[in-house]
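Dumped start_12.cif below, it's mmCIF, C-alpha atoms:
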data_final
#
loop_
_atom_site.group_PDB
_atom_site.id
_atom_site.type_symbol
_atom_site.label_atom_id
_atom_site.label_comp_id
_atom_site.auth_asym_id
_atom_site.auth_seq_id
_atom_site.Cartn_x
_atom_site.Cartn_y
_atom_site.Cartn_z
ATOM 1 C CA MET Z 1 -112.109 -43.979 -22.041
ATOM 2 C CA GLU Z 2 -108.821 -43.933 -20.157
ATOM 3 C CA SER Z 3 -108.807 -42.073 -16.862
ATOM 4 C CA ILE Z 4 -106.321 -39.380 -15.864
ATOM 5 C CA GLY Z 5 -105.283 -40.516 -12.403
ATOM 6 C CA LEU Z 6 -104.076 -38.550 -9.411
ATOM 7 C CA TYR Z 7 -100.365 -38.111 -10.240
ATOM 8 C CA PRO Z 8 -100.727 -35.895 -13.353
ATOM 9 C CA VAL Z 9 -103.180 -33.609 -11.549
ATOM 10 C CA LEU Z 10 -100.825 -33.237 -8.580
ATOM 11 C CA ALA Z 11 -97.887 -32.633 -10.930
ATOM 12 C CA VAL Z 12 -99.701 -29.797 -12.721
ATOM 13 C CA SER Z 13 -100.737 -28.395 -9.345
ATOM 14 C CA GLY Z 14 -97.137 -28.475 -8.111
ATOM 15 C CA VAL Z 15 -95.799 -26.774 -11.238
ATOM 16 C CA LEU Z 16 -98.398 -23.992 -11.015
ATOM 17 C CA PHE Z 17 -97.611 -23.520 -7.317
ATOM 18 C CA MET Z 18 -93.893 -23.282 -8.109
ATOM 19 C CA LEU Z 19 -94.610 -20.636 -10.771
ATOM 20 C CA GLY Z 20 -96.605 -18.669 -8.195
ATOM 21 C CA VAL Z 21 -93.860 -18.817 -5.552
ATOM 22 C CA THR Z 22 -91.265 -17.825 -8.149
ATOM 23 C CA GLY Z 23 -93.390 -14.842 -9.140
ATOM 24 C CA VAL Z 24 -93.824 -13.714 -5.528
ATOM 25 C CA LEU Z 25 -90.101 -14.014 -4.831
ATOM 26 C CA THR Z 26 -88.687 -12.518 -8.035
ATOM 27 C CA ARG Z 27 -91.078 -9.809 -9.252
ATOM 28 C CA ARG Z 28 -91.009 -6.275 -7.877
ATOM 29 C CA ASN Z 29 -94.391 -5.070 -9.103
ATOM 30 C CA LEU Z 30 -96.960 -5.446 -6.308
ATOM 31 C CA LEU Z 31 -99.780 -6.214 -8.764
ATOM 32 C CA ILE Z 32 -97.864 -9.077 -10.371
ATOM 33 C CA VAL Z 33 -97.051 -10.386 -6.885
ATOM 34 C CA PHE Z 34 -100.804 -10.452 -6.204
ATOM 35 C CA MET Z 35 -101.395 -12.287 -9.481
ATOM 36 C CA SER Z 36 -98.770 -14.853 -8.470
ATOM 37 C CA VAL Z 37 -100.629 -15.372 -5.190
ATOM 38 C CA GLU Z 38 -103.817 -16.029 -7.197
ATOM 39 C CA LEU Z 39 -101.855 -18.558 -9.261
ATOM 40 C CA MET Z 40 -100.824 -20.383 -6.066
ATOM 41 C CA LEU Z 41 -104.407 -20.414 -4.772
ATOM 42 C CA ASN Z 42 -105.523 -21.920 -8.090
ATOM 43 C CA ALA Z 43 -102.818 -24.581 -7.891
ATOM 44 C CA VAL Z 44 -104.108 -25.639 -4.480
ATOM 45 C CA ASN Z 45 -107.699 -25.602 -5.777
ATOM 46 C CA LEU Z 46 -106.649 -27.966 -8.552
ATOM 47 C CA ALA Z 47 -105.185 -30.379 -5.985
ATOM 48 C CA PHE Z 48 -108.436 -30.210 -3.980
ATOM 49 C CA VAL Z 49 -110.566 -30.969 -7.046
ATOM 50 C CA GLY Z 50 -108.216 -33.810 -8.046
ATOM 51 C CA PHE Z 51 -108.428 -35.437 -4.607
ATOM 52 C CA SER Z 52 -112.190 -34.916 -4.689
ATOM 53 C CA ARG Z 53 -112.427 -36.813 -7.999
ATOM 54 C CA HIS Z 54 -110.248 -39.520 -6.446
ATOM 55 C CA SER Z 55 -112.389 -39.962 -3.352
ATOM 56 C CA GLY Z 56 -115.770 -39.453 -5.023
ATOM 57 C CA LEU Z 57 -116.830 -36.864 -2.413
ATOM 58 C CA VAL Z 58 -117.739 -33.275 -3.265
ATOM 59 C CA ASP Z 59 -116.107 -31.821 -0.126
ATOM 60 C CA GLY Z 60 -113.052 -30.826 -2.174
ATOM 61 C CA HIS Z 61 -115.316 -28.777 -4.429
ATOM 62 C CA VAL Z 62 -116.759 -27.017 -1.374
ATOM 63 C CA ILE Z 63 -113.260 -26.108 -0.167
ATOM 64 C CA ALA Z 64 -112.345 -24.874 -3.660
ATOM 65 C CA ILE Z 65 -115.402 -22.586 -3.641
ATOM 66 C CA LEU Z 66 -114.501 -21.261 -0.182
ATOM 67 C CA VAL Z 67 -110.927 -20.615 -1.395
ATOM 68 C CA MET Z 68 -112.340 -18.610 -4.318
ATOM 69 C CA ALA Z 69 -114.332 -16.440 -1.878
ATOM 70 C CA VAL Z 70 -111.237 -15.881 0.274
ATOM 71 C CA ALA Z 71 -109.256 -14.985 -2.860
ATOM 72 C CA ALA Z 72 -111.913 -12.421 -3.803
ATOM 73 C CA ALA Z 73 -111.723 -10.807 -0.354
ATOM 74 C CA GLU Z 74 -107.916 -10.844 -0.505
ATOM 75 C CA ALA Z 75 -107.902 -9.231 -3.953
ATOM 76 C CA ALA Z 76 -110.323 -6.496 -2.824
ATOM 77 C CA VAL Z 77 -108.274 -5.537 0.242
ATOM 78 C CA GLY Z 78 -104.923 -5.994 -1.509
ATOM 79 C CA LEU Z 79 -105.861 -3.838 -4.486
ATOM 80 C CA ALA Z 80 -107.235 -1.162 -2.144
ATOM 81 C CA LEU Z 81 -103.819 -1.181 -0.432
ATOM 82 C CA VAL Z 82 -102.088 -0.863 -3.818
ATOM 83 C CA ILE Z 83 -104.239 2.162 -4.721
ATOM 84 C CA LEU Z 84 -103.514 3.695 -1.312
ATOM 85 C CA LEU Z 85 -99.760 3.154 -1.705
ATOM 86 C CA TYR Z 86 -99.788 4.591 -5.211
ATOM 87 C CA ARG Z 87 -101.723 7.654 -4.071
ATOM 88 C CA ASN Z 88 -99.471 8.369 -1.079
ATOM 89 C CA ARG Z 89 -96.082 7.246 -2.391
ATOM 90 C CA LEU Z 90 -96.507 7.021 -6.187
ATOM 91 C CA ALA Z 91 -94.898 3.598 -5.884
ATOM 92 C CA VAL Z 92 -96.010 0.045 -6.567
ATOM 93 C CA GLN Z 93 -92.492 -1.410 -6.763
ATOM 94 C CA MET Z 94 -91.771 -3.505 -3.704
ATOM 95 C CA ASP Z 95 -88.148 -2.366 -3.262
ATOM 96 C CA GLU Z 96 -89.306 1.261 -2.998
ATOM 97 C CA LEU Z 97 -91.581 0.416 -0.068
ATOM 98 C CA ASP Z 98 -89.106 -0.062 2.776
ATOM 99 C CA THR Z 99 -90.285 2.595 5.241
ATOM 100 C CA LEU Z 100 -90.791 0.049 8.001
ATOM 101 C CA LYS Z 101 -87.271 -1.321 7.589
ATOM 102 C CA GLY Z 102 -85.230 -0.444 10.702
ATOM 103 C CA MET T 103 -109.443 -37.603 -28.632
ATOM 104 C CA THR T 104 -109.407 -38.960 -25.095
ATOM 105 C CA GLU T 105 -109.707 -37.459 -21.659
ATOM 106 C CA ALA T 106 -105.949 -37.704 -21.184
ATOM 107 C CA THR T 107 -105.279 -35.833 -24.430
ATOM 108 C CA PHE T 108 -107.480 -32.929 -23.384
ATOM 109 C CA PHE T 109 -105.958 -32.950 -19.903
ATOM 110 C CA THR T 110 -102.447 -32.689 -21.384
ATOM 111 C CA LEU T 111 -103.531 -29.903 -23.724
ATOM 112 C CA PHE T 112 -105.173 -27.760 -21.037
ATOM 113 C CA SER T 113 -102.363 -28.457 -18.549
ATOM 114 C CA LEU T 114 -99.810 -27.182 -21.048
ATOM 115 C CA ILE T 115 -101.944 -24.081 -21.703
ATOM 116 C CA ALA T 116 -102.295 -23.433 -17.951
ATOM 117 C CA ILE T 117 -98.580 -23.869 -17.261
ATOM 118 C CA GLY T 118 -97.538 -21.845 -20.320
ATOM 119 C CA ALA T 119 -99.865 -18.985 -19.386
ATOM 120 C CA GLY T 120 -98.662 -19.191 -15.773
ATOM 121 C CA THR T 121 -95.084 -18.853 -16.980
ATOM 122 C CA ALA T 122 -96.131 -15.829 -19.030
ATOM 123 C CA VAL T 123 -97.693 -14.236 -15.916
ATOM 124 C CA ILE T 124 -94.387 -14.169 -14.073
ATOM 125 C CA THR T 125 -92.140 -13.374 -17.040
ATOM 126 C CA LEU T 126 -93.981 -10.651 -19.003
ATOM 127 C CA ARG T 127 -92.937 -7.087 -18.193
ATOM 128 C CA ASN T 128 -96.269 -5.342 -18.765
ATOM 129 C CA PRO T 129 -98.839 -5.899 -15.947
ATOM 130 C CA ILE T 130 -101.734 -5.858 -18.456
ATOM 131 C CA GLN T 131 -100.121 -8.671 -20.444
ATOM 132 C CA SER T 132 -99.592 -10.597 -17.203
ATOM 133 C CA ALA T 133 -103.272 -10.145 -16.309
ATOM 134 C CA VAL T 134 -104.420 -11.431 -19.717
ATOM 135 C CA ALA T 135 -102.080 -14.422 -19.408
ATOM 136 C CA LEU T 136 -103.569 -15.120 -15.968
ATOM 137 C CA VAL T 137 -107.088 -15.097 -17.458
ATOM 138 C CA VAL T 138 -105.944 -17.640 -20.072
ATOM 139 C CA SER T 139 -104.527 -19.780 -17.267
ATOM 140 C CA PHE T 140 -107.827 -19.572 -15.348
ATOM 141 C CA PHE T 141 -109.830 -20.650 -18.411
ATOM 142 C CA ALA T 142 -107.518 -23.647 -18.941
ATOM 143 C CA LEU T 143 -107.900 -24.588 -15.272
ATOM 144 C CA SER T 144 -111.666 -24.302 -15.642
ATOM 145 C CA ALA T 145 -111.498 -26.798 -18.522
ATOM 146 C CA ILE T 146 -109.437 -29.154 -16.331
ATOM 147 C CA TYR T 147 -112.064 -28.872 -13.567
ATOM 148 C CA ALA T 148 -114.750 -29.807 -16.091
ATOM 149 C CA LEU T 149 -112.645 -32.808 -17.174
ATOM 150 C CA LEU T 150 -112.441 -33.863 -13.515
ATOM 151 C CA GLY T 151 -116.250 -33.758 -13.231
ATOM 152 C CA ALA T 152 -116.317 -30.559 -11.141
ATOM 153 C CA HIS T 153 -118.846 -28.742 -13.319
ATOM 154 C CA PHE T 154 -120.025 -26.241 -10.716
ATOM 155 C CA VAL T 155 -116.463 -25.331 -9.717
ATOM 156 C CA ALA T 156 -115.579 -24.933 -13.405
ATOM 157 C CA MET T 157 -118.433 -22.455 -13.871
ATOM 158 C CA LEU T 158 -117.468 -20.540 -10.725
ATOM 159 C CA GLN T 159 -113.861 -20.432 -11.917
ATOM 160 C CA VAL T 160 -114.955 -18.590 -15.053
ATOM 161 C CA LEU T 161 -117.547 -16.385 -13.329
ATOM 162 C CA VAL T 162 -115.666 -15.442 -10.154
ATOM 163 C CA TYR T 163 -111.993 -15.669 -11.109
ATOM 164 C CA ALA T 164 -111.875 -14.812 -14.804
ATOM 165 C CA GLY T 165 -114.955 -12.605 -14.561
ATOM 166 C CA ALA T 166 -114.852 -10.700 -11.288
ATOM 167 C CA ILE T 167 -111.372 -10.875 -9.745
ATOM 168 C CA MET T 168 -109.450 -10.337 -12.979
ATOM 169 C CA VAL T 169 -111.691 -7.422 -14.000
ATOM 170 C CA LEU T 170 -110.778 -5.855 -10.641
ATOM 171 C CA PHE T 171 -107.082 -6.417 -11.390
ATOM 172 C CA VAL T 172 -107.272 -4.950 -14.906
ATOM 173 C CA PHE T 173 -109.303 -2.018 -13.571
ATOM 174 C CA VAL T 174 -106.640 -1.181 -10.977
ATOM 175 C CA ILE T 175 -103.781 -1.626 -13.465
ATOM 176 C CA MET T 176 -105.421 0.780 -15.907
ATOM 177 C CA LEU T 177 -106.335 3.194 -13.094
ATOM 178 C CA LEU T 178 -102.704 3.402 -11.948
ATOM 179 C CA ASN T 179 -101.298 3.767 -15.486
ATOM 180 C CA LEU T 180 -98.200 1.782 -14.548
ATOM 181 C CA ARG T 181 -94.947 1.962 -16.405
ATOM 182 C CA GLU T 182 -93.190 -1.249 -17.272
ATOM 183 C CA GLU T 183 -90.662 -2.656 -14.863
ATOM 184 C CA THR T 184 -87.282 -1.301 -15.889
ATOM 185 C CA ALA T 185 -84.753 -3.468 -14.082
ATOM 186 C CA SER T 186 -85.156 -7.130 -14.898
ATOM 187 C CA SER T 187 -84.845 -8.307 -11.316
ATOM 188 C CA TRP T 188 -83.692 -7.350 -7.862
ATOM 189 C CA GLY T 189 -81.510 -9.040 -5.297
ATOM 190 C CA ASP T 190 -80.105 -12.498 -5.731
ATOM 191 C CA LEU T 191 -82.390 -14.095 -8.314
ATOM 192 C CA SER T 192 -80.885 -17.565 -8.185
ATOM 193 C CA ALA T 193 -81.405 -17.811 -4.405
ATOM 194 C CA ARG T 194 -85.031 -16.730 -4.837
ATOM 195 C CA ALA T 195 -85.626 -19.262 -7.605
ATOM 196 C CA LEU T 196 -84.069 -21.939 -5.392
ATOM 197 C CA TRP T 197 -86.430 -21.062 -2.547
ATOM 198 C CA SER T 198 -89.425 -21.287 -4.856
ATOM 199 C CA ILE T 199 -88.316 -24.778 -5.906
ATOM 200 C CA VAL T 200 -87.923 -25.726 -2.228
ATOM 201 C CA ALA T 201 -91.425 -24.418 -1.417
ATOM 202 C CA ALA T 202 -93.046 -26.176 -4.363
ATOM 203 C CA GLY T 203 -91.087 -29.340 -3.589
ATOM 204 C CA THR T 204 -92.502 -29.270 -0.059
ATOM 205 C CA LEU T 205 -96.032 -28.912 -1.448
ATOM 206 C CA VAL T 206 -95.610 -31.686 -4.014
ATOM 207 C CA GLY T 207 -93.963 -33.919 -1.402
ATOM 208 C CA GLY T 208 -96.839 -33.409 1.022
ATOM 209 C CA LEU T 209 -99.385 -34.041 -1.738
ATOM 210 C CA LEU T 210 -97.619 -37.232 -2.816
ATOM 211 C CA ILE T 211 -97.417 -38.493 0.782
ATOM 212 C CA ALA T 212 -101.155 -37.852 1.080
ATOM 213 C CA ALA T 213 -101.721 -39.509 -2.293
ATOM 214 C CA THR T 214 -99.672 -42.627 -1.614
ATOM 215 C CA SER T 215 -101.662 -43.263 1.549
ATOM 216 C CA ALA T 216 -104.578 -43.877 -0.826
ATOM 217 C CA GLN T 217 -105.097 -47.466 -1.934
ATOM 218 C CA HIS T 218 -104.746 -46.782 -5.652
ATOM 219 C CA MET T 219 -103.704 -43.785 -7.704
ATOM 220 C CA GLY T 220 -106.144 -44.071 -10.596
ATOM 221 C CA PHE T 221 -109.504 -42.322 -10.591
ATOM 222 C CA PRO T 222 -112.626 -44.455 -10.224
ATOM 223 C CA ALA T 223 -114.392 -44.938 -13.550
ATOM 224 C CA ALA T 224 -117.014 -42.349 -14.447
ATOM 225 C CA GLU T 225 -119.737 -45.003 -14.179
ATOM 226 C CA LEU T 226 -118.785 -45.629 -10.534
ATOM 227 C CA MET T 227 -119.082 -41.979 -9.528
ATOM 228 C CA PRO T 228 -122.327 -40.678 -7.980
ATOM 229 C CA ALA T 229 -124.699 -39.620 -10.750
ATOM 230 C CA ASP T 230 -124.910 -36.049 -9.442
ATOM 231 C CA TYR T 231 -121.162 -35.692 -8.748
ATOM 232 C CA GLY T 232 -120.031 -32.077 -9.115
ATOM 233 C CA THR T 233 -123.455 -30.691 -9.985
ATOM 234 C CA VAL T 234 -124.871 -27.545 -8.394
ATOM 235 C CA GLU T 235 -127.274 -29.666 -6.357
ATOM 236 C CA ALA T 236 -124.621 -31.986 -4.916
ATOM 237 C CA VAL T 237 -122.208 -29.155 -4.052
ATOM 238 C CA GLY T 238 -125.041 -27.025 -2.686
ATOM 239 C CA ARG T 239 -126.217 -29.860 -0.446
ATOM 240 C CA ALA T 240 -122.659 -30.364 0.834
ATOM 241 C CA LEU T 241 -122.427 -26.606 1.489
ATOM 242 C CA PHE T 242 -125.668 -26.242 3.405
ATOM 243 C CA ASP T 243 -126.212 -29.708 4.940
ATOM 244 C CA GLY T 244 -124.281 -29.392 8.171
ATOM 245 C CA ARG T 245 -120.508 -29.763 8.090
ATOM 246 C CA TRP T 246 -119.681 -26.868 5.754
ATOM 247 C CA LEU T 247 -122.382 -24.496 7.004
ATOM 248 C CA LEU T 248 -120.197 -22.739 9.588
ATOM 249 C CA PRO T 249 -117.198 -22.249 7.220
ATOM 250 C CA PHE T 250 -119.635 -20.944 4.590
ATOM 251 C CA GLU T 251 -121.075 -18.361 6.980
ATOM 252 C CA ALA T 252 -117.569 -17.437 8.165
ATOM 253 C CA VAL T 253 -116.513 -16.814 4.552
ATOM 254 C CA SER T 254 -119.562 -14.637 3.939
ATOM 255 C CA ALA T 255 -118.633 -12.583 7.017
ATOM 256 C CA LEU T 256 -115.048 -12.396 5.713
ATOM 257 C CA LEU T 257 -116.279 -11.093 2.344
ATOM 258 C CA THR T 258 -118.339 -8.401 4.066
ATOM 259 C CA VAL T 259 -115.360 -7.357 6.187
ATOM 260 C CA GLY T 260 -113.152 -7.375 3.081
ATOM 261 C CA VAL T 261 -115.491 -5.130 1.104
ATOM 262 C CA VAL T 262 -115.878 -2.678 4.011
ATOM 263 C CA GLY T 263 -112.107 -2.704 4.537
ATOM 264 C CA ALA T 264 -111.444 -2.041 0.856
ATOM 265 C CA VAL T 265 -113.820 0.935 0.855
ATOM 266 C CA VAL T 266 -112.280 2.343 4.034
ATOM 267 C CA LEU T 267 -108.745 1.924 2.678
ATOM 268 C CA ALA T 268 -109.421 3.381 -0.753
ATOM 269 C CA LYS T 269 -111.457 6.334 0.460
ATOM 270 C CA ARG T 270 -109.413 9.512 0.478
ATOM 271 C CA THR T 271 -110.930 10.915 3.652
ATOM 272 C CA LEU T 272 -113.318 9.256 6.038
#

Would you write the structure of this file as structure tokens?
Amino acid sequence: MESIGLYPVLAVSGVLFMLGVTGVLTRRNLLIVFMSVELMLNAVNLAFVGFSRHSGLVDGHVIAILVMAVAAAEAAVGLALVILLYRNRLAVQMDELDTLKG
Amino acid sequence: MTEATFFTLFSLIAIGAGTAVITLRNPIQSAVALVVSFFALSAIYALLGAHFVAMLQVLVYAGAIMVLFVFVIMLLNLREETASSWGDLSARALWSIVAAGTLVGGLLIAATSAQHMGFPAAELMPADYGTVEAVGRALFDGRWLLPFEAVSALLTVGVVGAVVLAKRTL
């Protein structure tokens, strides 16, 4: 059975990360920005798992699991902020949220 | 069908669904596309021998986090984005390519410092590679114990913070 190798895994990881950054920079909807952040976290997880397969150690898996926990905490707080913004401002579009702009 | 064939298939699904996440107008459609992307990534993890991580990807990401997202989207009853974009789109797209190029460059520098790029054959891997036992031992046997406890504290703080933020009055 032919093996995959490190380069294809890193290439897929890079493409997913680029999609995530593009989403964060171009979309206005806060929720879709959050989803793009999750996409970036997953891209990095994929790189960790690929390097882990390359080295034969499971430490990359451990980091991937920790990243998932951090992503869960981030989603909980971020979505609470979205609900709060929607309740107080009726807005989840990023260009409508410029109160702190001087 | 070989390992490489399945890897190509699931990679294309993951990238296609990821593209759908950032291009679809309706947040619900984006969320469903993201779930598809997570399932494809889970399959890739399984192909790479990371069975426990693959299971957690489905349970935690596709199961818990995305349900939270869909719940909030439906709670807010969002309208679709009207304007297609804001600001200078081409500059933003350029910056995303720069950021991803930096990541890929760093990864490739790290990768080329390795002796060889191919993966070791499956027979050469530890027999318990990627199983719950191996990952659990790595988690609790010393080096990763402190980060693990720190993450559990972070999750507690996150949950308390979310409740405090979302509560109307304290």

d(CA of Leu10 (chain Z), CA of Ala43 (chain Z)) in Å: 8.9 Å

Near-Leu46 (chain Z) list (8 Å; all atoms listed in the file; drop same-chain fewer than 2 positions) as a ChimeraX atom specification: /Z:9-10,13,42-44,48-50 /T:143,147

Residues of chain Z within 6 Å of chain T, all atoms listed in the file counted, as a ChimeraX atom specification: /Z:4-6,14,18,21-23,25,54,73,76-77,80,84

d(CA of Ala135 (chain T), CA of Val92 (chain Z)) in Å: 20.3 Å

Atom-to-atom span, CA of Arg28 (chain Z) and CA of Lys101 (chain Z), Å: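 Distance between the two atoms: 16.7 Å.
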
Shell of 9 Å around Leu41 (chain Z), all atoms listed in the file, local chain residues under 5 positions omitted, as a CSV table (one decimal) with C-alpha atoms, in the frame of the given file:
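Result file is result_27.csv:
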chain,number,residue,atom,x,y,z
Z,17,PHE,CA,-97.6,-23.5,-7.3
Z,20,GLY,CA,-96.6,-18.7,-8.2
Z,36,SER,CA,-98.8,-14.9,-8.5
Z,46,LEU,CA,-106.6,-28.0,-8.6
Z,67,VAL,CA,-110.9,-20.6,-1.4
Z,68,MET,CA,-112.3,-18.6,-4.3
Z,71,ALA,CA,-109.3,-15.0,-2.9

Where is the centre and how long are the edges: axis-aligned box on region 259-271 of chain T, 4 Å on each side, Å to one decimal, as lines of an AutoDock Vina configuration file:
center_x = -112.3
center_y = 1.8
center_z = 2.7
size_x = 15.1
size_y = 26.3
size_z = 14.9
